[in-house]
Amino acid sequence: MKYSKVMNFFIVVIVVVLGIVGDCYGQLQDGYYNNSCPQAEAISRNVTWQYVGANPAMAAKLLRLHFHDCFVRGCEASVLLNSTANNTAEKDSFPNLSLGGFYIIDAIKAALEKACPGIVSCADIVALAARDAVAHQLGYSLWEVQTGRRDGTVSLESEALADLPSPASNFATLKKSFASKNLGVKDLVVLSGGHGIGVAQCFIFGNRVYNFTGKGDSDPSLNATYVAYLKTKCKGEFDSATTVPMVPGSGLTFNNTYYTILKENEGLFTSDVALTTDIYANSVVDDMRANISNFFKEFGNSMRKMGAVGVLTGNQGVIRKQCDVNNS
C-alpha cells in the first residue's frame with residue numbers, strides 16, 4: 001500500500017512537471033488549431049490556391065520562402081520581417097532579394113485574423129502555404145503540416161548571409177549546412193528536388209556558361225547541348241533580367257524530373273551538380289529518379305522534418321498581428 005502511494009505521488013509529480021514543460025516548450029502537432037481556430041488550415045489553403053491558381057509560378061516562390069525561413073533562426077517567420085531604420089532584415093539580404101510570395105502570406109494572415117484574431121502564427125502560415133502551393137497542381141497534399149509554431153522577433157541580414165546555402169556550394173559545404181539543421185544527406189538530396197519547379201536568374205549560374213575559369217569557357221561538367229541552349233536565353237554572364245526554368249521544360253510541374261536532368265549533366269547550379277559527386281547522395285538521386293511515388297513520399301517526410309527546425313513553441317516567441325512587422 002505504501003509503495004503504491006509513493007508511486008502515485010511520483011506519477012502526479014511527473015505529470016505536473018511535464019505539463020509545465022509542455023506549456024513552455026510544447027512541440028508541434030497535427031491539428032494544433034482544431035479547437036482554437038478549426039477553419040485555419042482550410043482558410044490558408046483556399047487563399048493559397050486562389051493566388052497560385054492565378055499565377056502557378058507562385059508555387060515555387062512559396063516553397064522557397066519556407067526553406068529560406070527555416071534555414072535562418074529556424075521556422076519562425078523571421079524572413080517576413082521588414083528592415084527598419086536601425087536594422088537590415090533577412091528579407092533584404094542578397095540571397096533573399098529574389099524571394100516572392102510575401103503578398104500571399106499577408107493575404108492569408110489577413111483572412112485568418114478576420115476569422116480568428118491573434119491565434120495563427122505567421123510561421124505556421126509560411127509552412128502551410130508551402131504545402132498547399134505544391135498541392136494545388138497535384139490536387140492533394142504530399143505531407144501533413146504539424147502546427148503550433150510561434151513567431152520570432154529578430155531578423156538579421158548577416159544571419160541570412162551566413163546560414164543560407166549558396167548555389168555555388170560544393171557537396172561538403174551543403175552537407176555541413178544541412179547537418180547544422182539536423183538534416184541528413186538524404187534530406188539534402190530530397191529537398192533539392194524542390195528545384196524541379198521555379199526559375200533562376202542567369203547571373204546566378206552565368207559563370208558556368210560563359211566564364212567558368214576566367215577564360216571565356218563553360219563548365220565542362222555541364223552538358224554541351226544545354227550550354228548552347230542557355231546561351232540562347234542568357235545574354236551574358238551577368239544577365240540579371242532573364243530567368244530560365246530550373247528544369248528545362250518543367251518550370252511549373254512538380255515531379256521528379258529534376259533527378260533525371262542531374263544524371264544528364266543539366267543541373268543548373270553547382271550545388272545541383274554536387275549531389276552527384278558523393279556516392280551515397282548519388283544513390284539517393286537514383287532512387288528519387290526511379291520512382292516518383294517514392295520521391296513524393298520522401299519529399300513530404302523531409303519537409304515535415306525541415307518544418308520542425310528551430311521552431312518556437314509554447315510560451316516562446318509571439319503571434320504577430322501583421323507578418324512583416326513586430327507587434328508594437
# chains A, B, ... in the order shown; residues from 1 in each chain; ligands from 1
$ select_by_dssp --residues "range 208-285 of chain A" --states "helix (DSSP H, G or I)" --output "count of residues only"
34
$ select_by_dssp --residues "range 72-294 of chain A" --states "strand (DSSP E)" --output "list of chain:residue names"
A:Val199, A:Ala200, A:Gln201, A:Thr243, A:Val244, A:Pro245
$ write_last_selection --atoms "N, CA and C atoms" --output "PDB file, in the first residue's frame"
ATOM      1  N   VAL A 199      12.249  29.106 -61.395  1.00  0.00           N
ATOM      2  CA  VAL A 199      13.208  29.641 -62.359  1.00  0.00           C
ATOM      3  C   VAL A 199      14.408  30.220 -61.628  1.00  0.00           C
ATOM      4  N   ALA A 200      15.463  30.470 -62.382  1.00  0.00           N
ATOM      5  CA  ALA A 200      16.676  31.072 -61.823  1.00  0.00           C
ATOM      6  C   ALA A 200      17.149  32.201 -62.721  1.00  0.00           C
ATOM      7  N   GLN A 201      17.668  33.241 -62.107  1.00  0.00           N
ATOM      8  CA  GLN A 201      18.229  34.349 -62.876  1.00  0.00           C
ATOM      9  C   GLN A 201      19.569  33.932 -63.465  1.00  0.00           C
ATOM     10  N   THR A 243      15.370  35.031 -66.790  1.00  0.00           N
ATOM     11  CA  THR A 243      15.273  33.813 -65.983  1.00  0.00           C
ATOM     12  C   THR A 243      15.058  32.616 -66.898  1.00  0.00           C
ATOM     13  N   VAL A 244      15.497  31.464 -66.432  1.00  0.00           N
ATOM     14  CA  VAL A 244      15.256  30.209 -67.158  1.00  0.00           C
ATOM     15  C   VAL A 244      14.709  29.191 -66.170  1.00  0.00           C
ATOM     16  N   PRO A 245      13.938  28.221 -66.638  1.00  0.00           N
ATOM     17  CA  PRO A 245      13.413  27.189 -65.740  1.00  0.00           C
ATOM     18  C   PRO A 245      14.554  26.386 -65.115  1.00  0.00           C
TER      19      PRO A 245
END
$ closest_residue --among "A:Trp143, A:Trp49, A:Tyr210, A:Phe203" --to "Ala129 in chain A" --atoms "only C-alpha atoms"
A:Trp49
$ atom_distance --atom1 "CA of Ile108 in chain A" --atom2 "CA of Asp187 in chain A"
28.4 Å
$ residues_around --residues "Gly196 in chain A" --least-positions-apart "5" --cutoff "10 Å" --atoms "only C-alpha atoms" --output "PyMOL selection string"
chain A and resi 60+245-248+250-259+261
$ write_last_selection --atoms "C-alpha atoms" --output "mmCIF file, in the first residue's frame"
data_model
loop_
_atom_site.group_PDB
_atom_site.id
_atom_site.type_symbol
_atom_site.label_atom_id
_atom_site.label_comp_id
_atom_site.auth_asym_id
_atom_site.auth_seq_id
_atom_site.Cartn_x
_atom_site.Cartn_y
_atom_site.Cartn_z
ATOM 1 C CA ALA A 60 7.891 27.627 -56.340
ATOM 2 C CA PRO A 245 13.413 27.189 -65.740
ATOM 3 C CA MET A 246 15.396 25.215 -63.176
ATOM 4 C CA VAL A 247 14.395 22.092 -65.095
ATOM 5 C CA PRO A 248 14.151 22.520 -68.896
ATOM 6 C CA SER A 250 9.286 21.695 -66.429
ATOM 7 C CA GLY A 251 9.291 25.001 -64.611
ATOM 8 C CA LEU A 252 5.725 24.690 -63.342
ATOM 9 C CA THR A 253 5.410 20.919 -62.930
ATOM 10 C CA PHE A 254 6.280 19.371 -59.581
ATOM 11 C CA ASN A 255 7.685 15.913 -60.285
ATOM 12 C CA ASN A 256 10.978 14.003 -60.137
ATOM 13 C CA THR A 257 12.362 15.173 -63.496
ATOM 14 C CA TYR A 258 14.986 17.171 -61.585
ATOM 15 C CA TYR A 259 16.864 13.956 -60.831
ATOM 16 C CA ILE A 261 18.421 16.154 -65.620
#
$ atom_distance --atom1 "CA of Asn86 in chain A" --atom2 "CA of Asp324 in chain A"
15.6 Å
$ closest_residue --among "A:Asp124, A:Asp151, A:Glu144, A:Asp163" --to "Asn96 in chain A" --atoms "only C-alpha atoms"
A:Asp163
$ closest_residue --among "A:Cys70, A:Ala57, A:Val52, A:Leu112" --to "Ala40 in chain A" --atoms "only C-alpha atoms"
A:Leu112
$ closest_residue --among "A:Met306, A:Cys37, A:Val154, A:Leu142" --to "Ala77 in chain A" --atoms "only C-alpha atoms"
A:Val154
